[in-house]
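Reproduced below: coords_4.txt, with compact mmCIF, C-alpha atoms.
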# COMPACT_ATOMS: atom_id res chain seq x y z
CA MET A 222 -24.75 -37.47 4.68
CA ALA A 223 -23.71 -36.96 1.08
CA GLU A 224 -20.78 -39.25 0.40
CA THR A 225 -18.61 -38.45 -2.59
CA ILE A 226 -16.45 -40.57 -4.82
CA TYR A 227 -13.21 -38.68 -5.23
CA ARG A 228 -12.98 -38.52 -8.99
CA ASP A 229 -13.33 -35.03 -10.39
CA GLN A 230 -11.56 -32.63 -8.07
CA LYS A 231 -10.59 -29.41 -9.75
CA LEU A 232 -7.25 -27.72 -9.19
CA TRP A 233 -6.41 -24.45 -10.85
CA PHE A 234 -2.82 -23.34 -10.47
CA GLY A 235 -2.12 -19.88 -11.84
CA GLY A 236 -3.33 -19.99 -15.43
CA TYR A 237 -3.48 -23.77 -15.64
CA ASP A 238 -6.11 -26.39 -14.95
CA LEU A 239 -4.25 -29.40 -13.53
CA THR A 240 -7.40 -31.51 -13.25
CA GLY A 241 -6.59 -33.81 -16.17
CA THR A 242 -3.04 -34.58 -15.10
CA MET A 243 -3.32 -35.17 -11.35
CA ASN A 244 -4.78 -38.16 -9.55
CA ALA A 245 -4.34 -37.33 -5.87
CA LEU A 246 -4.74 -34.11 -4.00
CA GLY A 247 -4.48 -32.97 -0.43
CA LEU A 248 -5.01 -29.67 1.30
CA ASP A 249 -3.63 -29.32 4.80
CA CYS A 250 -4.84 -26.42 6.89
CA GLY A 251 -4.46 -25.99 10.61
CA ALA A 252 -3.21 -23.78 13.37
CA GLU A 253 -0.29 -24.10 15.74
CA SER A 254 -1.20 -24.92 19.32
CA LYS A 255 0.71 -22.74 21.77
CA ASP A 256 0.97 -23.84 25.39
CA ASN A 257 -0.52 -21.24 27.74
CA THR A 258 -0.69 -23.41 30.84
CA VAL A 259 -0.20 -21.46 34.08
CA PHE A 260 0.10 -22.20 37.82
CA GLY A 261 -3.22 -23.34 39.17
CA ASP A 262 -4.24 -25.19 36.03
CA ASP A 263 -4.83 -28.90 36.48
CA THR A 264 -4.79 -29.63 32.75
CA LYS A 265 -2.50 -28.52 29.96
CA SER A 266 -3.98 -25.58 28.15
CA ASN A 267 -3.32 -24.37 24.61
CA ILE A 268 -4.18 -21.39 22.53
CA GLY A 269 -4.41 -21.27 18.76
CA GLY A 270 -1.36 -19.79 17.08
CA LEU A 271 -0.53 -18.99 13.49
CA LYS A 272 -2.49 -20.84 10.87
CA THR A 273 -0.71 -23.11 8.38
CA VAL A 274 -1.76 -23.97 4.85
CA ALA A 275 -0.10 -26.47 2.52
CA MET A 276 -1.07 -28.43 -0.57
CA GLN A 277 0.21 -31.70 -1.95
CA CYS A 278 -0.68 -33.02 -5.38
CA GLU A 279 0.28 -36.16 -7.29
CA GLY A 280 -0.28 -36.99 -10.91
CA LEU A 281 1.02 -38.21 -14.23
CA VAL A 282 3.69 -36.12 -15.91
CA ASP A 283 2.49 -34.27 -18.97
CA THR A 284 5.68 -33.39 -20.78
CA THR A 285 3.79 -31.39 -23.41
CA THR A 286 2.46 -28.65 -21.13
CA TYR A 287 2.45 -29.03 -17.38
CA ASP A 288 5.97 -30.31 -16.71
CA LYS A 289 7.47 -26.97 -17.76
CA VAL A 290 4.74 -25.01 -15.97
CA LEU A 291 5.38 -26.71 -12.65
CA PHE A 292 9.16 -26.57 -13.03
CA ASP A 293 9.10 -22.88 -13.91
CA ASN A 294 6.91 -22.05 -10.90
CA ILE A 295 9.11 -23.55 -8.21
CA GLY A 296 9.76 -20.81 -5.69
CA VAL A 297 7.52 -18.28 -7.42
CA ALA A 298 5.50 -16.41 -4.79
CA ASP A 299 1.85 -15.47 -4.74
CA VAL A 300 0.55 -17.80 -7.46
CA PRO A 301 -3.23 -18.11 -7.01
CA VAL A 302 -4.32 -21.71 -6.35
CA SER A 303 -7.96 -22.75 -6.21
CA PHE A 304 -9.72 -26.02 -5.47
CA GLY A 305 -13.26 -26.82 -6.59
CA SER A 306 -15.25 -29.94 -5.94
CA SER A 307 -16.96 -30.50 -9.27
CA GLY A 308 -16.29 -27.34 -11.20
CA ASP A 309 -19.96 -26.36 -11.22
CA GLU A 310 -20.58 -22.65 -10.72
CA GLY A 311 -21.94 -21.99 -7.25
CA ASP A 312 -20.01 -24.86 -5.68
CA PRO A 313 -17.81 -24.24 -2.65
CA ALA A 314 -14.19 -23.55 -3.53
CA TYR A 315 -10.99 -22.93 -1.61
CA THR A 316 -8.39 -20.47 -2.79
CA PHE A 317 -5.10 -19.05 -1.57
CA LYS A 318 -1.86 -17.59 -2.83
CA ALA A 319 0.87 -20.20 -2.89
CA SER A 320 4.50 -20.85 -3.59
CA LEU A 321 5.60 -24.24 -4.90
CA GLY A 322 8.36 -25.60 -2.73
CA GLU A 323 8.76 -29.01 -4.29
CA TYR A 324 8.28 -30.63 -7.69
CA SER A 325 9.33 -34.28 -7.94
CA PRO A 326 8.84 -36.13 -11.22
CA GLY A 327 10.05 -39.71 -11.30
CA GLY A 328 9.33 -43.41 -11.41
CA ALA A 329 10.76 -46.85 -12.16
CA VAL A 330 11.43 -48.26 -15.62
CA GLY A 331 8.26 -49.66 -17.14
CA GLU A 332 6.00 -47.49 -14.99
CA LEU A 333 4.16 -44.32 -15.89
CA LEU A 334 6.21 -41.22 -15.17
CA ALA A 335 4.56 -39.59 -12.17
CA PHE A 336 5.07 -36.43 -10.20
CA SER A 337 4.34 -34.97 -6.83
CA VAL A 338 4.19 -31.27 -6.18
CA GLY A 339 3.88 -29.45 -2.91
CA GLY A 340 3.39 -25.87 -1.94
CA SER A 341 2.56 -23.66 0.95
CA SER A 342 0.59 -20.50 1.32
CA THR A 343 1.85 -16.96 1.00
CA GLY A 344 -1.45 -15.64 2.34
CA LYS A 345 -4.71 -16.71 3.90
CA LEU A 346 -6.66 -19.77 2.85
CA VAL A 347 -10.25 -18.73 2.19
CA GLN A 348 -13.34 -20.72 1.39
CA GLY A 349 -15.79 -19.13 -0.97
CA SER A 350 -17.83 -19.79 -4.04
CA LEU A 351 -16.90 -20.77 -7.57
CA MET A 352 -18.52 -17.82 -9.32
CA VAL A 353 -17.42 -18.44 -12.92
CA ASN A 354 -16.00 -21.47 -14.68
CA GLY A 355 -16.30 -21.54 -18.43
CA THR A 356 -15.38 -20.24 -21.83
CA LYS A 357 -16.73 -16.80 -22.61
CA THR A 358 -16.81 -15.10 -25.99
CA ALA A 359 -18.70 -11.89 -25.20
CA THR A 360 -19.16 -9.30 -22.49
CA ALA A 361 -21.64 -10.44 -19.84
CA ASP A 362 -22.59 -10.57 -16.18
CA GLY A 363 -22.37 -13.73 -14.13
CA THR A 364 -24.90 -15.00 -11.62
CA ALA A 365 -25.41 -12.96 -8.45
CA ARG A 366 -24.87 -15.04 -5.31
CA GLN A 367 -25.55 -14.20 -1.69
CA LEU A 368 -22.11 -14.67 -0.14
CA GLY A 369 -22.80 -12.30 2.75
CA ALA A 370 -21.64 -8.93 4.00
CA VAL A 371 -18.02 -8.08 4.84
CA SER A 372 -17.46 -6.87 8.38
CA ALA A 373 -14.90 -4.28 9.37
CA THR A 374 -12.49 -7.05 10.40
CA GLN A 375 -12.99 -9.09 7.24
CA LYS A 376 -11.89 -8.88 3.61
CA VAL A 377 -13.37 -10.00 0.33
CA TYR A 378 -10.92 -12.04 -1.74
CA ALA A 379 -11.06 -13.02 -5.41
CA ALA A 380 -8.85 -15.22 -7.56
CA LEU A 381 -8.89 -15.17 -11.36
CA HIS A 382 -7.44 -18.02 -13.42
CA VAL A 383 -7.28 -17.48 -17.18
CA ILE A 384 -6.89 -20.96 -18.66
CA SER A 385 -6.94 -19.99 -22.33
CA ALA A 386 -7.00 -16.72 -24.22
CA SER A 387 -7.48 -15.92 -27.87
CA ASP A 388 -4.82 -13.88 -29.61
CA ALA A 389 -4.92 -10.09 -29.56
CA ASP A 390 -8.06 -9.93 -27.39
CA THR A 391 -8.58 -8.47 -23.93
CA LEU A 392 -10.45 -9.63 -20.84
CA ASP A 393 -11.42 -7.32 -17.99
CA VAL A 394 -13.08 -8.89 -14.96
CA ILE A 395 -14.68 -7.13 -12.02
CA VAL A 396 -16.41 -8.22 -8.82
CA ALA A 397 -19.40 -6.13 -7.76
CA SER A 398 -21.72 -6.16 -4.77
CA ASP A 399 -25.27 -5.05 -4.10
CA ASP A 400 -28.01 -5.39 -1.51
CA ASN A 401 -30.36 -7.26 -3.83
CA ALA A 402 -30.22 -10.27 -6.10
CA GLY A 403 -31.14 -8.20 -9.13
CA MET A 404 -27.93 -6.15 -8.69
CA THR A 405 -29.87 -3.02 -9.60
CA SER A 406 -27.40 -0.66 -7.92
CA ALA A 407 -24.20 -2.69 -8.12
CA THR A 408 -20.92 -1.24 -6.87
CA THR A 409 -17.62 -2.44 -8.29
CA ARG A 410 -15.48 -3.69 -5.42
CA LEU A 411 -12.59 -5.51 -7.10
CA THR A 412 -11.03 -5.00 -10.52
CA PHE A 413 -8.62 -7.59 -11.84
CA ASP A 414 -5.67 -6.60 -14.00
CA GLN A 415 -6.52 -6.78 -17.70
CA GLN A 416 -5.77 -10.21 -19.11
CA THR A 417 -4.56 -10.91 -22.65
CA ALA A 418 -3.00 -14.35 -22.21
CA ILE A 419 -2.93 -17.40 -19.96
CA GLY A 420 -2.36 -16.12 -16.45
CA SER A 421 -3.89 -15.32 -13.09
CA ASP A 422 -4.54 -12.47 -10.71
CA TRP A 423 -5.53 -11.98 -7.08
CA GLN A 424 -7.44 -9.07 -5.60
CA GLU A 425 -8.72 -8.33 -2.10
CA LEU A 426 -10.51 -5.49 -0.33
CA ALA A 427 -11.04 -4.79 3.36
CA GLY A 428 -14.53 -4.32 4.82
CA ALA A 429 -16.87 -3.07 5.95
CA ILE A 430 -19.24 -3.72 3.04
CA THR A 431 -22.87 -4.12 3.97
CA ASP A 432 -23.93 -5.51 0.58
CA ASP A 433 -24.48 -9.25 0.70
CA TYR A 434 -24.98 -10.14 -2.98
CA TRP A 435 -21.91 -10.58 -5.18
CA ARG A 436 -21.50 -10.93 -8.91
CA VAL A 437 -18.63 -11.30 -11.39
CA SER A 438 -18.82 -9.43 -14.69
CA TRP A 439 -16.47 -9.48 -17.64
CA THR A 440 -15.75 -7.29 -20.62
CA ILE A 441 -14.27 -8.94 -23.69
CA THR A 442 -13.08 -6.92 -26.66
CA ASP A 443 -11.61 -7.24 -30.15
CA ALA A 444 -12.42 -9.61 -32.98
CA ASP A 445 -13.59 -13.19 -32.44
CA PRO A 446 -12.50 -13.43 -28.78
CA SER A 447 -12.59 -16.49 -26.53
CA PHE A 448 -11.43 -16.72 -22.94
CA GLN A 449 -11.69 -19.72 -20.63
CA PHE A 450 -11.46 -18.50 -17.07
CA VAL A 451 -12.33 -19.27 -13.47
CA VAL A 452 -13.20 -16.84 -10.68
CA VAL A 453 -13.46 -17.70 -6.99
CA VAL A 454 -14.81 -15.11 -4.53
CA ALA A 455 -14.57 -15.53 -0.77
CA ILE A 456 -15.15 -13.51 2.38
CA LEU A 457 -13.11 -14.05 5.52
CA MET B 233 -4.14 -73.72 -30.70
CA PRO B 234 -5.90 -75.72 -33.43
CA GLN B 235 -5.63 -79.50 -33.43
CA ASN B 236 -2.54 -80.95 -35.14
CA ALA B 237 -0.93 -77.57 -35.69
CA ILE B 238 2.54 -77.62 -37.21
CA LEU B 239 5.12 -76.93 -34.52
CA PRO B 240 6.70 -74.69 -33.50
CA ALA B 241 3.70 -72.39 -33.26
CA LEU B 242 2.59 -69.30 -31.36
CA SER B 243 -0.62 -68.19 -29.69
CA TYR B 244 -1.32 -65.11 -27.64
CA PHE B 245 -3.98 -63.54 -25.49
CA ARG B 246 -4.52 -60.38 -23.45
CA VAL B 247 -4.25 -61.09 -19.73
CA SER B 248 -5.27 -57.71 -18.32
CA THR B 249 -5.64 -54.06 -19.18
CA VAL B 250 -5.09 -51.07 -16.92
CA ARG B 251 -6.28 -47.59 -17.87
CA HIS B 252 -4.65 -44.87 -15.82
CA SER B 253 -6.98 -42.24 -14.44
CA ALA B 254 -6.53 -38.60 -13.58
CA MET B 255 -9.09 -36.37 -11.92
CA GLY B 256 -12.03 -35.88 -14.24
CA ALA B 257 -10.62 -37.92 -17.12
CA ASP B 258 -8.30 -40.73 -18.09
CA CYS B 259 -4.90 -39.78 -19.39
CA GLY B 260 -5.23 -41.99 -22.50
CA VAL B 261 -2.30 -44.28 -21.73
CA VAL B 262 -3.13 -47.98 -21.46
CA SER B 263 -0.94 -50.64 -19.89
CA ALA B 264 -1.93 -54.09 -21.19
CA ARG B 265 -0.36 -57.39 -20.22
CA PHE B 266 -0.13 -59.96 -23.01
CA GLN B 267 0.96 -63.58 -22.87
CA VAL B 268 2.59 -65.10 -25.93
CA ASP B 269 2.76 -68.91 -25.76
CA VAL B 270 5.36 -70.79 -27.75
CA TRP B 271 4.48 -74.39 -28.62
CA ALA B 272 7.36 -76.67 -29.67
CA ASP B 273 8.20 -80.35 -29.63
CA SER B 274 11.57 -79.82 -27.97
CA SER B 275 12.83 -77.54 -25.26
CA SER B 276 15.62 -76.21 -27.46
CA SER B 277 13.16 -75.31 -30.18
CA ALA B 278 10.86 -73.64 -27.62
CA ARG B 279 13.71 -71.57 -26.23
CA ALA B 280 14.89 -70.56 -29.70
CA VAL B 281 11.41 -69.41 -30.76
CA ALA B 282 10.87 -67.66 -27.44
CA ALA B 283 14.14 -65.79 -28.04
CA GLN B 284 12.79 -64.68 -31.45
CA VAL B 285 9.57 -63.49 -29.81
CA ARG B 286 11.51 -61.54 -27.22
CA SER B 287 13.77 -60.05 -29.87
CA ALA B 288 10.78 -58.94 -31.93
CA LEU B 289 8.75 -57.37 -29.11
CA GLN B 290 11.04 -56.23 -26.32
CA ARG B 291 11.26 -52.39 -26.21
CA TRP B 292 9.36 -52.11 -29.50
CA SER B 293 7.55 -48.84 -30.07
CA THR B 294 5.86 -46.93 -32.85
CA THR B 295 4.23 -43.59 -33.48
CA SER B 296 2.54 -44.80 -36.66
CA GLY B 297 -1.13 -45.67 -36.22
CA THR B 298 -1.84 -46.71 -32.66
CA VAL B 299 0.98 -45.16 -30.66
CA VAL B 300 2.87 -47.83 -28.73
CA GLN B 301 5.12 -46.07 -26.25
CA ASP B 302 7.04 -49.17 -25.19
CA ILE B 303 6.89 -52.90 -24.61
CA PHE B 304 8.57 -54.54 -21.64
CA TYR B 305 9.39 -58.24 -21.40
CA LEU B 306 8.18 -59.27 -17.96
CA ASN B 307 8.55 -63.00 -17.61
CA GLU B 308 9.35 -66.28 -19.37
CA THR B 309 8.17 -69.65 -18.07
CA ASN B 310 9.33 -72.97 -19.52
CA LEU B 311 6.89 -75.85 -19.15
CA TYR B 312 6.43 -79.41 -20.33
CA ASP B 313 3.27 -81.39 -21.03
CA PRO B 314 4.18 -85.10 -20.81
CA GLN B 315 0.85 -86.32 -22.17
CA VAL B 316 1.30 -84.70 -25.58
CA LYS B 317 5.09 -84.29 -25.28
CA ILE B 318 5.01 -80.57 -26.00
CA HIS B 319 7.29 -77.92 -24.53
CA PRO B 320 5.23 -74.74 -24.07
CA THR B 321 6.96 -71.51 -23.12
CA ALA B 322 4.87 -68.64 -21.78
CA CYS B 323 6.24 -65.14 -22.48
CA ASP B 324 4.61 -62.21 -20.66
CA PHE B 325 4.81 -58.66 -21.99
CA GLU B 326 3.50 -55.34 -20.80
CA VAL B 327 2.48 -53.06 -23.66
CA HIS B 328 2.02 -49.33 -23.03
CA TYR B 329 -0.05 -47.74 -25.77
CA GLU B 330 -2.26 -44.71 -26.32
CA GLU B 331 -5.94 -44.79 -27.16
Structure translated into structure tokens:
Amino acid sequence: MAETIYRDQKLWFGGYDLTGTMNALGLDCGAESKDNTVFGDDTKSNIGGLKTVAMQCEGLVDTTTYDKVLFDNIGVADVPVSFGSSGDEGDPAYTFKASLGEYSPGGAVGELLAFSVGGSSTGKLVQGSLMVNGTKTATADGTARQLGAVSATQKVYAALHVISASDADTLDVIVASDDNAGMTSATTRLTFDQQTAIGSDWQELAGAITDDYWRVSWTITDADPSFQFVVVVAIL
Amino acid sequence: MPQNAILPALSYFRVSTVRHSAMGADCGVVSARFQVDVWADSSSSARAVAAQVRSALQRWSTTSGTVVQDIFYLNETNLYDPQVKIHPTACDFEVHYEE
């Protein structure tokens, strides 16, 4: 068993990395249990109902940047939210589209001003892989990873978080698949909206896709560009 | 305190320091508890000097040099040492500063 000290959890909310301002994080996912007990049963029986997804985060108020970001996003639908364990590319990551329902800054005199923020999903929670996490200054391909094929009843999902963007430059990110690790005959499956500033985007595509290798590629243009961004890809 | 110091006099020491952590990094704000001890040969003198200490430090802040966000006066304890006939007063402060 690989125990982990909870110290470096990553949370990307839209175009912002909240890692350095939060100190507690919870992700609640479950499914309603619906009673389907009938005559003849000797024990209560239940069937799984609709799934539920919610997040709760606590931290220290950063009045310079994140206070306004969180306040402005209350009630905004479909903001991509992603969790990563260490931030290393290839690590497992969870992602979903969320809407913040609660932002509560406060505290007593003499104490650090703290906040709690809570949100719930506006779509499915998916577990996938952290494909890219870094600052890029030139067009390149990421690492191909074997995430698996997409069946006819599944979708491939991808979340893009642009944490910083240089002025007057453009970032185009795609997700491609292939049947081999070398990506010799890659097919573009998802194309994110072009990014020119801090922001985020969410794309998804229904199966079936028999390719099992997946790769993120990015095209960066204009003079002296620099983009810090994160991409999570998942199949469910 | 040195031997035979002229009273009233002050000494201080840091009692504890708390650094507040966020995921992945500390936020840079430090909460340190300091104790300032007032040494006087009468209780009235000790109280008067302690009042000066409180007036000087309570809610003091600065953005020049090391940023001190605020100082809170936590506690004041009046004591008496019958062997040397000194009236110490312990004043506790919490200092929030940035590093």
Practice item. Name the residues in contact with region 236-248 of chain B at a cut-off of 8 Å, using all atoms listed in the file, excluding same-chain residues fewer than 4 positions from it; report them as a ChimeraX atom specification. Key: /B:264-273,277-278,281
Practice item. Pull out every residue of chain B sitting within 6 Å of chain A, counting all atoms listed in the file, and send them as number ranges by chain. Key: B: 254-257
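Atom pair CA of Ala298 (chain A) / CA of Thr286 (chain A) has a distance of 20.6 Å (rounded to one decimal).
Going from CA of Ala322 (chain B) to CA of Ala288 (chain B) covers 15.2 Å.
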Revision key, fill the gap. Atom pair CA of Glu253 (chain A) + CA of Val274 (chain A), distance 11.0 Å
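Contact shell of Leu248 (chain A) at 8 Å (only C-alpha atoms; same-chain neighbours under 6 positions omitted): Val274, Ala275, Met276 and Gln277 of chain A.
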Could you save the residues just selected, with C-alpha atoms, as a PDB file, in the frame of the given file?
ATOM      1  CA  VAL A 274      -1.760 -23.970   4.850  1.00  0.00           C
ATOM      2  CA  ALA A 275      -0.100 -26.470   2.520  1.00  0.00           C
ATOM      3  CA  MET A 276      -1.070 -28.430  -0.570  1.00  0.00           C
ATOM      4  CA  GLN A 277       0.210 -31.700  -1.950  1.00  0.00           C
TER       5      GLN A 277
END
Could region 259-278 of chain B be completed with N, CA and C atoms and returned as a tab-separated table (two decimals), in the coordinates of the input?
chain	number	residue	atom	x	y	z
B	259	CYS	N	-5.99	-40.45	-18.69
B	259	CYS	CA	-4.90	-39.78	-19.39
B	259	CYS	C	-4.66	-40.34	-20.78
B	260	GLY	N	-5.33	-41.45	-21.14
B	260	GLY	CA	-5.23	-41.99	-22.50
B	260	GLY	C	-4.14	-43.02	-22.68
B	261	VAL	N	-3.34	-43.26	-21.65
B	261	VAL	CA	-2.30	-44.28	-21.73
B	261	VAL	C	-2.83	-45.58	-21.14
B	262	VAL	N	-2.64	-46.67	-21.89
B	262	VAL	CA	-3.13	-47.98	-21.46
B	262	VAL	C	-1.94	-48.90	-21.25
B	263	SER	N	-1.97	-49.63	-20.15
B	263	SER	CA	-0.94	-50.64	-19.89
B	263	SER	C	-1.61	-52.02	-19.95
B	264	ALA	N	-1.29	-52.78	-20.99
B	264	ALA	CA	-1.93	-54.09	-21.19
B	264	ALA	C	-0.88	-55.19	-21.07
B	265	ARG	N	-1.27	-56.25	-20.36
B	265	ARG	CA	-0.36	-57.39	-20.22
B	265	ARG	C	-0.80	-58.47	-21.21
B	266	PHE	N	0.14	-58.91	-22.03
B	266	PHE	CA	-0.13	-59.96	-23.01
B	266	PHE	C	0.74	-61.18	-22.69
B	267	GLN	N	0.17	-62.35	-22.98
B	267	GLN	CA	0.96	-63.58	-22.87
B	267	GLN	C	1.09	-64.21	-24.25
B	268	VAL	N	2.31	-64.41	-24.67
B	268	VAL	CA	2.59	-65.10	-25.93
B	268	VAL	C	3.09	-66.51	-25.57
B	269	ASP	N	2.38	-67.52	-26.07
B	269	ASP	CA	2.76	-68.91	-25.76
B	269	ASP	C	3.46	-69.53	-26.97
B	270	VAL	N	4.61	-70.08	-26.72
B	270	VAL	CA	5.36	-70.79	-27.75
B	270	VAL	C	5.11	-72.28	-27.58
B	271	TRP	N	4.75	-72.96	-28.66
B	271	TRP	CA	4.48	-74.39	-28.62
B	271	TRP	C	5.52	-75.08	-29.49
B	272	ALA	N	6.30	-76.00	-28.92
B	272	ALA	CA	7.36	-76.67	-29.67
B	272	ALA	C	7.49	-78.11	-29.18
B	273	ASP	N	8.07	-78.94	-30.02
B	273	ASP	CA	8.20	-80.35	-29.63
B	273	ASP	C	9.53	-80.66	-28.99
B	274	SER	N	10.34	-79.62	-28.74
B	274	SER	CA	11.57	-79.82	-27.97
B	274	SER	C	11.84	-78.55	-27.18
B	275	SER	N	12.55	-78.72	-26.10
B	275	SER	CA	12.83	-77.54	-25.26
B	275	SER	C	13.76	-76.57	-25.97
B	276	SER	N	14.70	-77.10	-26.75
B	276	SER	CA	15.62	-76.21	-27.46
B	276	SER	C	14.88	-75.39	-28.50
B	277	SER	N	13.96	-76.03	-29.19
B	277	SER	CA	13.16	-75.31	-30.18
B	277	SER	C	12.31	-74.25	-29.50
B	278	ALA	N	11.70	-74.60	-28.35
B	278	ALA	CA	10.86	-73.64	-27.62
B	278	ALA	C	11.68	-72.44	-27.18
